[in-house]
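Peer 1: Here's a structure for you.
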Amino acid sequence: MVIPFEEEYRKKFYALEEEIFNSNFWSEGDILKRFEDAFGEYVKLGARAVSNGGSGLLAILEYIGVEGKEVLVPSNTFWADARAVKLAGGIPVYVDCNKEDLCMSFEDMKAKITENTKAVVVVHIGGHIAFQIEEIAQFCKEKNLYLVEDCAHVHGAWWRGKTGGHYGFAGSYSFYATKTMPLGDGGMVVSKDKDFLKWVEKYRNYGKEVIDGHVYYKLSNGFNFRMSEFSAALGIVQMERLDKILEFKRELAEKYDQIFEKRVVFPSGMKSGYYKYVVFDTPLKEETGQVFGEGDLGHKIDEIKIELPNSSWIAKHHKCVPIYYGYKYANGSIEELAHRLLGEKKDE
Ligand SMILES: Cc1ncc(COP(=O)(O)O)c(C=O)c1O
């Protein structure tokens, strides 16, 4: 995989770096606010930057208060979700996924609810919105459970006017180096809840609060989860590139849709951000591995003896076709592309 960054955007980034040097604020400055505003406007939610996607999840769970409480998490995800629950003092309860979307199964989620359940973490795996998110959100509302969205993969996905972070109490995006919008490292917490967003400003900065020129530390759990001005500067530039990145991925996905039959098929009207392009039981000549494999399954890592058949099935049966921005594919026919990826003509 490559991470391209064109000359015109490099120049924009260098100009912002110059601004940082001249402003003398290398952290907690104006550039961070500009990045937060741009991202917030894009996702149509309030946004606060943090050091990475994992710390964003932790911030949300710490605010909700999950100590001693059960938090439902998918097994088929990155370990960040269960780790964040544990760091916040909660108990991760592993839920199975659907074969169709790789995301949390509403049916298994309902079966795992107990009197001690406080929150549910849904992960929009692979760049599309979890197919059952509306049912899950409605259920959580009725049962007074907090819904947290792990948006690490979902940049640029939309469904019925909503994107990642619209369904639950809050969501956490990741800007890790291989993500759709990379900053190297970085994260963004998004929410409609203004009190929570104010709290994040303190939480990410050791709980520090300045009132009438006096510094106070009122949070017992704050730590350093800040994003520096330099990362935020890259974030501003990446926001400008995001549509271009998404366009590239969507164009390629349209071709792939004509080549691959056993693939994730989205519900009507859903636009994926195509962090990944997932196919099932298809031997590939070129691939970028798996979204998550057997070794990533949370219940296996924690050595919990439960059966989550769909999660195990997904780990065994899926692969990702290259769809990263900068993937060099010939602009030839669908047949040529099929030959390159499958080693055979589509209709052979
Ligand atoms: C589903 C998921 N959640 C959370 C994270 C954590 O994000 P970060 O690496 O920015 O902490 C990742 C990957 O990086 C991820 O894939």
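Scheme for the structure tokens: letters A, B, ... for chains in order shown; per-chain residue numbers from 1; ligand numbers from 1 in order shown.
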Write out as a PDB file with N, CA and C atoms, in the first residue's frame each polymer residue whose atoms come within 10 Å of segment 306-314 of chain A, counting only C-alpha atoms; drop sequence neighbours fewer than 4 positions from it.
Peer 2:
ATOM      1  N   PRO A  74     -18.653  -5.713  19.490  1.00  0.00           N
ATOM      2  CA  PRO A  74     -18.527  -6.828  18.554  1.00  0.00           C
ATOM      3  C   PRO A  74     -17.213  -7.564  18.811  1.00  0.00           C
ATOM      4  N   SER A  75     -17.223  -8.849  18.518  1.00  0.00           N
ATOM      5  CA  SER A  75     -15.961  -9.591  18.601  1.00  0.00           C
ATOM      6  C   SER A  75     -15.136  -9.320  17.349  1.00  0.00           C
ATOM      7  N   ASN A  76     -15.852  -9.189  16.209  1.00  0.00           N
ATOM      8  CA  ASN A  76     -15.180  -8.955  14.933  1.00  0.00           C
ATOM      9  C   ASN A  76     -14.888  -7.461  14.771  1.00  0.00           C
ATOM     10  N   THR A  77     -13.814  -7.019  15.408  1.00  0.00           N
ATOM     11  CA  THR A  77     -13.390  -5.617  15.289  1.00  0.00           C
ATOM     12  C   THR A  77     -11.940  -5.534  15.739  1.00  0.00           C
ATOM     13  N   TYR A  94     -19.017  -9.823  24.408  1.00  0.00           N
ATOM     14  CA  TYR A  94     -18.826  -9.957  22.966  1.00  0.00           C
ATOM     15  C   TYR A  94     -20.090 -10.399  22.238  1.00  0.00           C
ATOM     16  N   VAL A  95     -20.356  -9.702  21.134  1.00  0.00           N
ATOM     17  CA  VAL A  95     -21.567  -9.930  20.347  1.00  0.00           C
ATOM     18  C   VAL A  95     -21.144 -10.399  18.958  1.00  0.00           C
ATOM     19  N   ASP A  96     -21.960 -11.250  18.373  1.00  0.00           N
ATOM     20  CA  ASP A  96     -21.675 -11.771  17.031  1.00  0.00           C
ATOM     21  C   ASP A  96     -22.006 -10.709  15.969  1.00  0.00           C
ATOM     22  N   CYS A  97     -21.546 -10.966  14.745  1.00  0.00           N
ATOM     23  CA  CYS A  97     -21.822 -10.027  13.652  1.00  0.00           C
ATOM     24  C   CYS A  97     -22.733 -10.710  12.621  1.00  0.00           C
ATOM     25  N   ASN A  98     -23.120  -9.954  11.612  1.00  0.00           N
ATOM     26  CA  ASN A  98     -23.872 -10.522  10.485  1.00  0.00           C
ATOM     27  C   ASN A  98     -22.883 -10.899   9.391  1.00  0.00           C
ATOM     28  N   LYS A  99     -23.252 -11.925   8.618  1.00  0.00           N
ATOM     29  CA  LYS A  99     -22.400 -12.293   7.481  1.00  0.00           C
ATOM     30  C   LYS A  99     -22.494 -11.246   6.373  1.00  0.00           C
ATOM     31  N   GLU A 100     -23.634 -10.567   6.312  1.00  0.00           N
ATOM     32  CA  GLU A 100     -23.880  -9.646   5.177  1.00  0.00           C
ATOM     33  C   GLU A 100     -23.048  -8.380   5.251  1.00  0.00           C
ATOM     34  N   ASP A 101     -22.891  -7.821   6.487  1.00  0.00           N
ATOM     35  CA  ASP A 101     -22.217  -6.513   6.589  1.00  0.00           C
ATOM     36  C   ASP A 101     -21.000  -6.526   7.494  1.00  0.00           C
ATOM     37  N   LEU A 102     -20.716  -7.666   8.127  1.00  0.00           N
ATOM     38  CA  LEU A 102     -19.592  -7.834   9.057  1.00  0.00           C
ATOM     39  C   LEU A 102     -19.786  -7.061  10.374  1.00  0.00           C
ATOM     40  N   CYS A 103     -20.915  -6.374  10.507  1.00  0.00           N
ATOM     41  CA  CYS A 103     -21.138  -5.505  11.681  1.00  0.00           C
ATOM     42  C   CYS A 103     -22.047  -6.189  12.697  1.00  0.00           C
ATOM     43  N   MET A 104     -22.213  -5.549  13.843  1.00  0.00           N
ATOM     44  CA  MET A 104     -22.953  -6.142  14.960  1.00  0.00           C
ATOM     45  C   MET A 104     -24.330  -6.675  14.569  1.00  0.00           C
ATOM     46  N   SER A 105     -24.635  -7.883  15.062  1.00  0.00           N
ATOM     47  CA  SER A 105     -25.944  -8.490  14.822  1.00  0.00           C
ATOM     48  C   SER A 105     -26.927  -7.967  15.862  1.00  0.00           C
ATOM     49  N   ASP A 108     -28.258 -10.905  18.055  1.00  0.00           N
ATOM     50  CA  ASP A 108     -27.359 -11.363  19.120  1.00  0.00           C
ATOM     51  C   ASP A 108     -27.173 -10.272  20.175  1.00  0.00           C
ATOM     52  N   PHE A 280     -16.140 -12.466  -0.533  1.00  0.00           N
ATOM     53  CA  PHE A 280     -16.191 -13.742   0.186  1.00  0.00           C
ATOM     54  C   PHE A 280     -15.790 -14.886  -0.744  1.00  0.00           C
ATOM     55  N   ASP A 281     -15.056 -15.828  -0.186  1.00  0.00           N
ATOM     56  CA  ASP A 281     -14.731 -17.078  -0.887  1.00  0.00           C
ATOM     57  C   ASP A 281     -14.295 -16.837  -2.334  1.00  0.00           C
ATOM     58  N   GLN A 290      -7.170  -9.030   5.214  1.00  0.00           N
ATOM     59  CA  GLN A 290      -8.526  -9.052   5.775  1.00  0.00           C
ATOM     60  C   GLN A 290      -8.794  -7.783   6.564  1.00  0.00           C
ATOM     61  N   VAL A 291     -10.071  -7.435   6.719  1.00  0.00           N
ATOM     62  CA  VAL A 291     -10.382  -6.307   7.611  1.00  0.00           C
ATOM     63  C   VAL A 291      -9.911  -6.730   9.003  1.00  0.00           C
ATOM     64  N   PHE A 292     -10.509  -7.817   9.511  1.00  0.00           N
ATOM     65  CA  PHE A 292     -10.043  -8.436  10.743  1.00  0.00           C
ATOM     66  C   PHE A 292     -10.010  -9.947  10.546  1.00  0.00           C
ATOM     67  N   GLY A 293      -9.011 -10.572  11.099  1.00  0.00           N
ATOM     68  CA  GLY A 293      -8.865 -12.020  10.943  1.00  0.00           C
ATOM     69  C   GLY A 293      -9.155 -12.737  12.250  1.00  0.00           C
ATOM     70  N   GLU A 294      -8.943 -14.041  12.188  1.00  0.00           N
ATOM     71  CA  GLU A 294      -9.208 -14.919  13.350  1.00  0.00           C
ATOM     72  C   GLU A 294      -8.521 -14.393  14.626  1.00  0.00           C
ATOM     73  N   LEU A 297     -10.324 -11.544  16.697  1.00  0.00           N
ATOM     74  CA  LEU A 297     -11.625 -11.725  17.360  1.00  0.00           C
ATOM     75  C   LEU A 297     -11.491 -11.544  18.880  1.00  0.00           C
ATOM     76  N   GLY A 298     -12.276 -10.615  19.418  1.00  0.00           N
ATOM     77  CA  GLY A 298     -12.150 -10.240  20.831  1.00  0.00           C
ATOM     78  C   GLY A 298     -12.351 -11.401  21.786  1.00  0.00           C
ATOM     79  N   HIS A 299     -13.353 -12.243  21.507  1.00  0.00           N
ATOM     80  CA  HIS A 299     -13.625 -13.346  22.454  1.00  0.00           C
ATOM     81  C   HIS A 299     -12.500 -14.366  22.437  1.00  0.00           C
ATOM     82  N   LYS A 300     -11.782 -14.451  21.294  1.00  0.00           N
ATOM     83  CA  LYS A 300     -10.635 -15.384  21.240  1.00  0.00           C
ATOM     84  C   LYS A 300      -9.453 -14.783  22.008  1.00  0.00           C
ATOM     85  N   HIS A 318     -13.506 -14.161   4.253  1.00  0.00           N
ATOM     86  CA  HIS A 318     -13.453 -12.893   3.503  1.00  0.00           C
ATOM     87  C   HIS A 318     -12.014 -12.452   3.205  1.00  0.00           C
ATOM     88  N   LYS A 319     -11.911 -11.636   2.171  1.00  0.00           N
ATOM     89  CA  LYS A 319     -10.633 -11.018   1.793  1.00  0.00           C
ATOM     90  C   LYS A 319     -10.941  -9.614   1.274  1.00  0.00           C
TER      91      LYS A 319
END
Peer 1: Listing only residues of segment 172-275 of chain A within 6 Å of segment 16-30 of chain A, what is the closest atom pair and its distance in Å (to one decimal) for each, using only C-alpha atoms, sorted by chain and residue number ascending, as JSON lines?
Peer 2:
{"residue": "A:Ser228", "atom": "CA", "partner": "A:Ser27", "partner_atom": "CA", "distance": 4.7}
{"residue": "A:Glu229", "atom": "CA", "partner": "A:Ser27", "partner_atom": "CA", "distance": 5.0}
{"residue": "A:Ala233", "atom": "CA", "partner": "A:Leu16", "partner_atom": "CA", "distance": 6.0}
Peer 1: Do you know which residues are within 6 Å of ligand 1 using only C-alpha atoms and all ligand atoms? Can you write them as a PyMOL selection string?
Peer 2: chain A and resi 52-54+77-78+80+150+152+174-176+185-187
Peer 1: So, with only C-alpha atoms as the atoms that count, which of A:Ala59, A:Ile133, A:Leu234, A:Ala157 lies closest to Leu32 of chain A?
Peer 2: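 Nearest to Leu32 of chain A: A:Leu234.
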Peer 1: Would you mind listing what lies within 10 Å of Tyr167 of chain A as a PyMOL selection string, with only C-alpha atoms counted and same-chain residues fewer than 2 positions away left out?
Peer 2: chain A and resi 122+133-134+136-138+147-149+162-165+169-171+191
Peer 1: With DSSP run on the backbone, what are the alpha helix (DSSP H) residues within segment 28-224 of chain A? I'd like them as a ChimeraX atom specification.
Peer 2: /A:30-43,53-64,80-87,106-112,133-142,194-203
Peer 1: Export C-alpha atoms of the chosen residues as a compact mmCIF listing (two decimals), in the first residue's frame?
Peer 2:
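So the final result, stored in result38.txt, reads:
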# COMPACT_ATOMS: atom_id res chain seq x y z
CA ASP A 30 -6.23 28.15 16.25
CA ILE A 31 -5.38 25.49 13.62
CA LEU A 32 -6.91 22.78 15.82
CA LYS A 33 -10.17 24.73 16.04
CA ARG A 34 -10.20 25.21 12.28
CA PHE A 35 -9.75 21.47 11.73
CA GLU A 36 -12.50 20.66 14.24
CA ASP A 37 -14.85 23.13 12.56
CA ALA A 38 -14.13 21.71 9.09
CA PHE A 39 -14.62 18.13 10.23
CA GLY A 40 -17.73 19.02 12.23
CA GLU A 41 -19.22 20.75 9.22
CA TYR A 42 -18.47 17.70 7.05
CA VAL A 43 -20.16 15.22 9.38
CA GLY A 53 -9.37 6.84 17.57
CA GLY A 54 -8.81 4.65 20.63
CA SER A 55 -8.56 7.63 22.99
CA GLY A 56 -11.76 8.98 21.42
CA LEU A 57 -13.55 5.74 22.36
CA LEU A 58 -12.09 5.91 25.85
CA ALA A 59 -13.24 9.53 26.24
CA ILE A 60 -16.81 8.60 25.32
CA LEU A 61 -16.90 5.58 27.65
CA GLU A 62 -15.33 7.52 30.55
CA TYR A 63 -17.95 10.26 30.14
CA ILE A 64 -20.82 7.77 30.05
CA ALA A 80 -9.33 -0.99 20.58
CA ASP A 81 -13.05 -1.31 21.43
CA ALA A 82 -12.73 -3.93 24.17
CA ARG A 83 -9.53 -2.31 25.48
CA ALA A 84 -11.27 1.06 25.79
CA VAL A 85 -14.13 -0.58 27.71
CA LYS A 86 -11.66 -2.25 30.07
CA LEU A 87 -9.61 0.92 30.56
CA PHE A 106 -29.06 -6.84 16.29
CA GLU A 107 -30.46 -10.27 17.19
CA ASP A 108 -27.36 -11.36 19.12
CA MET A 109 -27.08 -7.91 20.69
CA LYS A 110 -30.59 -8.19 22.14
CA ALA A 111 -29.78 -11.65 23.48
CA LYS A 112 -26.71 -10.32 25.35
CA ILE A 133 -27.87 0.59 12.97
CA GLU A 134 -31.40 2.06 12.84
CA GLU A 135 -32.92 -0.89 14.71
CA ILE A 136 -30.04 -0.89 17.20
CA ALA A 137 -30.36 2.88 17.78
CA GLN A 138 -34.12 2.61 18.31
CA PHE A 139 -33.69 -0.30 20.73
CA CYS A 140 -31.00 1.54 22.73
CA LYS A 141 -33.26 4.58 22.98
CA GLU A 142 -36.17 2.51 24.26
CA LYS A 194 -22.59 20.12 23.76
CA ASP A 195 -21.85 19.35 27.43
CA PHE A 196 -19.97 16.22 26.41
CA LEU A 197 -17.91 18.14 23.83
CA LYS A 198 -16.99 20.77 26.47
CA TRP A 199 -15.99 17.94 28.80
CA VAL A 200 -13.74 16.39 26.10
CA GLU A 201 -11.81 19.68 25.88
CA LYS A 202 -10.86 19.22 29.54
CA TYR A 203 -10.50 15.44 29.48
Peer 1: Would you mind reading off the distance between atom CA of Phe131 of chain A and atom CA of Asp257 of chain A, one decimal, in Å?
Peer 2: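 A separation of 18.5 Å between them.
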Peer 1: Counting only C-alpha atoms, which residue out of A:Lys208, A:Lys328, A:Lys271, A:Lys12 sits closest to Ala130 of chain A?
Peer 2: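 Result for the nearest residue to Ala130 of chain A: A:Lys271.
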Peer 1: Check the smallest atom-to-atom distance from each of A:Cys151, A:Ala49, A:Leu246, A:Ile304 to Tyr325 of chain A using only C-alpha atoms, then report the winner.
Peer 2: A:Leu246
Peer 1: Rounded to one decimal in Å, what is the spacing between atom CA of Glu251 of chain A and atom CA of Val189 of chain A?
Peer 2: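 Computed distance, atom CA of Glu251 of chain A to atom CA of Val189 of chain A, equals 29.0 Å.
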Peer 1: Give the answer as one residue: which of A:Glu70, A:Glu335, A:Glu8, A:Glu247 has the shortest atom-to-atom distance to Thr180 of chain A, using only C-alpha atoms?
Peer 2: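 Counting only C-alpha atoms, the residue closest to Thr180 of chain A is A:Glu247.
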Peer 1: Atom CA of Leu337 of chain A and atom CA of Leu252 of chain A are how many Å apart?
Peer 2: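 Interatomic distance here is 10.1 Å.
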Peer 1: Between A:Arg250, A:His166, A:Lys276, A:Lys244, which has the minimum distance to Gly126 of chain A (counting only C-alpha atoms)?
Peer 2: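 Checking each of A:Arg250, A:His166, A:Lys276, A:Lys244 against Gly126 of chain A, counting only C-alpha atoms, the winner is A:Lys276.
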Peer 1: Based on DSSP run over this structure's backbone, return all residues of segment 125-283 of chain A in strand (DSSP E), as a PyMOL selection string.
Peer 2: chain A and resi 146-150+170-174+187-191+208-211+214-217+277-280
Peer 1: Can you spit out the residues from that selection as an mmCIF file, in the first residue's frame, using N, CA and C atoms?
Peer 2:
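Contents of selection.cif, freshly written:
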data_model
loop_
_atom_site.group_PDB
_atom_site.id
_atom_site.type_symbol
_atom_site.label_atom_id
_atom_site.label_comp_id
_atom_site.auth_asym_id
_atom_site.auth_seq_id
_atom_site.Cartn_x
_atom_site.Cartn_y
_atom_site.Cartn_z
ATOM 1 N N TYR A 146 -26.740 3.609 26.302
ATOM 2 C CA TYR A 146 -25.913 4.499 25.477
ATOM 3 C C TYR A 146 -25.429 3.747 24.245
ATOM 4 N N LEU A 147 -25.599 4.373 23.093
ATOM 5 C CA LEU A 147 -25.035 3.792 21.864
ATOM 6 C C LEU A 147 -23.795 4.600 21.484
ATOM 7 N N VAL A 148 -22.671 3.883 21.357
ATOM 8 C CA VAL A 148 -21.394 4.494 20.974
ATOM 9 C C VAL A 148 -21.050 3.981 19.588
ATOM 10 N N GLU A 149 -20.591 4.869 18.707
ATOM 11 C CA GLU A 149 -20.237 4.421 17.362
ATOM 12 C C GLU A 149 -18.729 4.512 17.149
ATOM 13 N N ASP A 150 -18.133 3.387 16.802
ATOM 14 C CA ASP A 150 -16.732 3.393 16.403
ATOM 15 C C ASP A 150 -16.709 3.707 14.907
ATOM 16 N N ALA A 170 -22.409 9.350 20.776
ATOM 17 C CA ALA A 170 -21.172 9.941 20.238
ATOM 18 C C ALA A 170 -20.446 8.912 19.386
ATOM 19 N N GLY A 171 -19.533 9.390 18.559
ATOM 20 C CA GLY A 171 -18.722 8.499 17.724
ATOM 21 C C GLY A 171 -17.267 8.915 17.759
ATOM 22 N N SER A 172 -16.388 7.968 17.404
ATOM 23 C CA SER A 172 -14.956 8.267 17.379
ATOM 24 C C SER A 172 -14.354 7.866 16.036
ATOM 25 N N TYR A 173 -13.790 8.842 15.337
ATOM 26 C CA TYR A 173 -13.111 8.593 14.060
ATOM 27 C C TYR A 173 -11.610 8.408 14.306
ATOM 28 N N SER A 174 -10.974 7.632 13.442
ATOM 29 C CA SER A 174 -9.515 7.458 13.517
ATOM 30 C C SER A 174 -8.862 8.020 12.257
ATOM 31 N N GLY A 187 -7.399 11.372 16.023
ATOM 32 C CA GLY A 187 -8.788 10.928 16.156
ATOM 33 C C GLY A 187 -9.715 12.117 16.298
ATOM 34 N N MET A 188 -11.019 11.877 16.138
ATOM 35 C CA MET A 188 -12.010 12.947 16.277
ATOM 36 C C MET A 188 -13.245 12.374 16.945
ATOM 37 N N VAL A 189 -13.618 12.992 18.055
ATOM 38 C CA VAL A 189 -14.841 12.614 18.739
ATOM 39 C C VAL A 189 -15.956 13.492 18.201
ATOM 40 N N VAL A 190 -17.087 12.885 17.836
ATOM 41 C CA VAL A 190 -18.203 13.664 17.283
ATOM 42 C C VAL A 190 -19.464 13.382 18.093
ATOM 43 N N SER A 191 -20.276 14.419 18.255
ATOM 44 C CA SER A 191 -21.511 14.256 19.027
ATOM 45 C C SER A 191 -22.400 15.486 18.854
ATOM 46 N N LYS A 208 -7.652 19.923 32.726
ATOM 47 C CA LYS A 208 -7.366 21.346 32.962
ATOM 48 C C LYS A 208 -8.515 22.251 32.518
ATOM 49 N N GLU A 209 -8.812 23.217 33.362
ATOM 50 C CA GLU A 209 -9.875 24.166 33.050
ATOM 51 C C GLU A 209 -9.420 25.544 33.538
ATOM 52 N N VAL A 210 -9.589 26.542 32.698
ATOM 53 C CA VAL A 210 -9.199 27.900 33.115
ATOM 54 C C VAL A 210 -10.471 28.715 33.342
ATOM 55 N N ILE A 211 -10.661 29.182 34.580
ATOM 56 C CA ILE A 211 -11.835 30.009 34.904
ATOM 57 C C ILE A 211 -11.322 31.339 35.473
ATOM 58 N N HIS A 214 -7.758 31.607 36.312
ATOM 59 C CA HIS A 214 -7.219 30.618 37.257
ATOM 60 C C HIS A 214 -7.323 29.212 36.663
ATOM 61 N N VAL A 215 -6.296 28.400 36.923
ATOM 62 C CA VAL A 215 -6.277 27.034 36.387
ATOM 63 C C VAL A 215 -6.821 26.070 37.435
ATOM 64 N N TYR A 216 -7.737 25.212 37.021
ATOM 65 C CA TYR A 216 -8.307 24.200 37.913
ATOM 66 C C TYR A 216 -8.177 22.814 37.265
ATOM 67 N N TYR A 217 -8.096 21.779 38.092
ATOM 68 C CA TYR A 217 -8.098 20.387 37.609
ATOM 69 C C TYR A 217 -9.243 19.672 38.305
ATOM 70 N N TYR A 277 -12.859 -3.035 0.387
ATOM 71 C CA TYR A 277 -13.816 -3.685 -0.510
ATOM 72 C C TYR A 277 -13.745 -5.172 -0.193
ATOM 73 N N VAL A 278 -14.839 -5.671 0.375
ATOM 74 C CA VAL A 278 -14.816 -7.025 0.949
ATOM 75 C C VAL A 278 -15.478 -8.040 0.014
ATOM 76 N N VAL A 279 -14.780 -9.140 -0.250
ATOM 77 C CA VAL A 279 -15.357 -10.245 -1.028
ATOM 78 C C VAL A 279 -15.259 -11.540 -0.210
ATOM 79 N N PHE A 280 -16.140 -12.466 -0.533
ATOM 80 C CA PHE A 280 -16.191 -13.742 0.186
ATOM 81 C C PHE A 280 -15.790 -14.886 -0.744
#
Peer 1: Measuring between only C-alpha atoms, which one of A:Thr178, A:Asn205, A:Asn116, A:Asn224 shows the shortest distance to Val2 of chain A?
Peer 2: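 Closest residue, counting only C-alpha atoms: A:Thr178.
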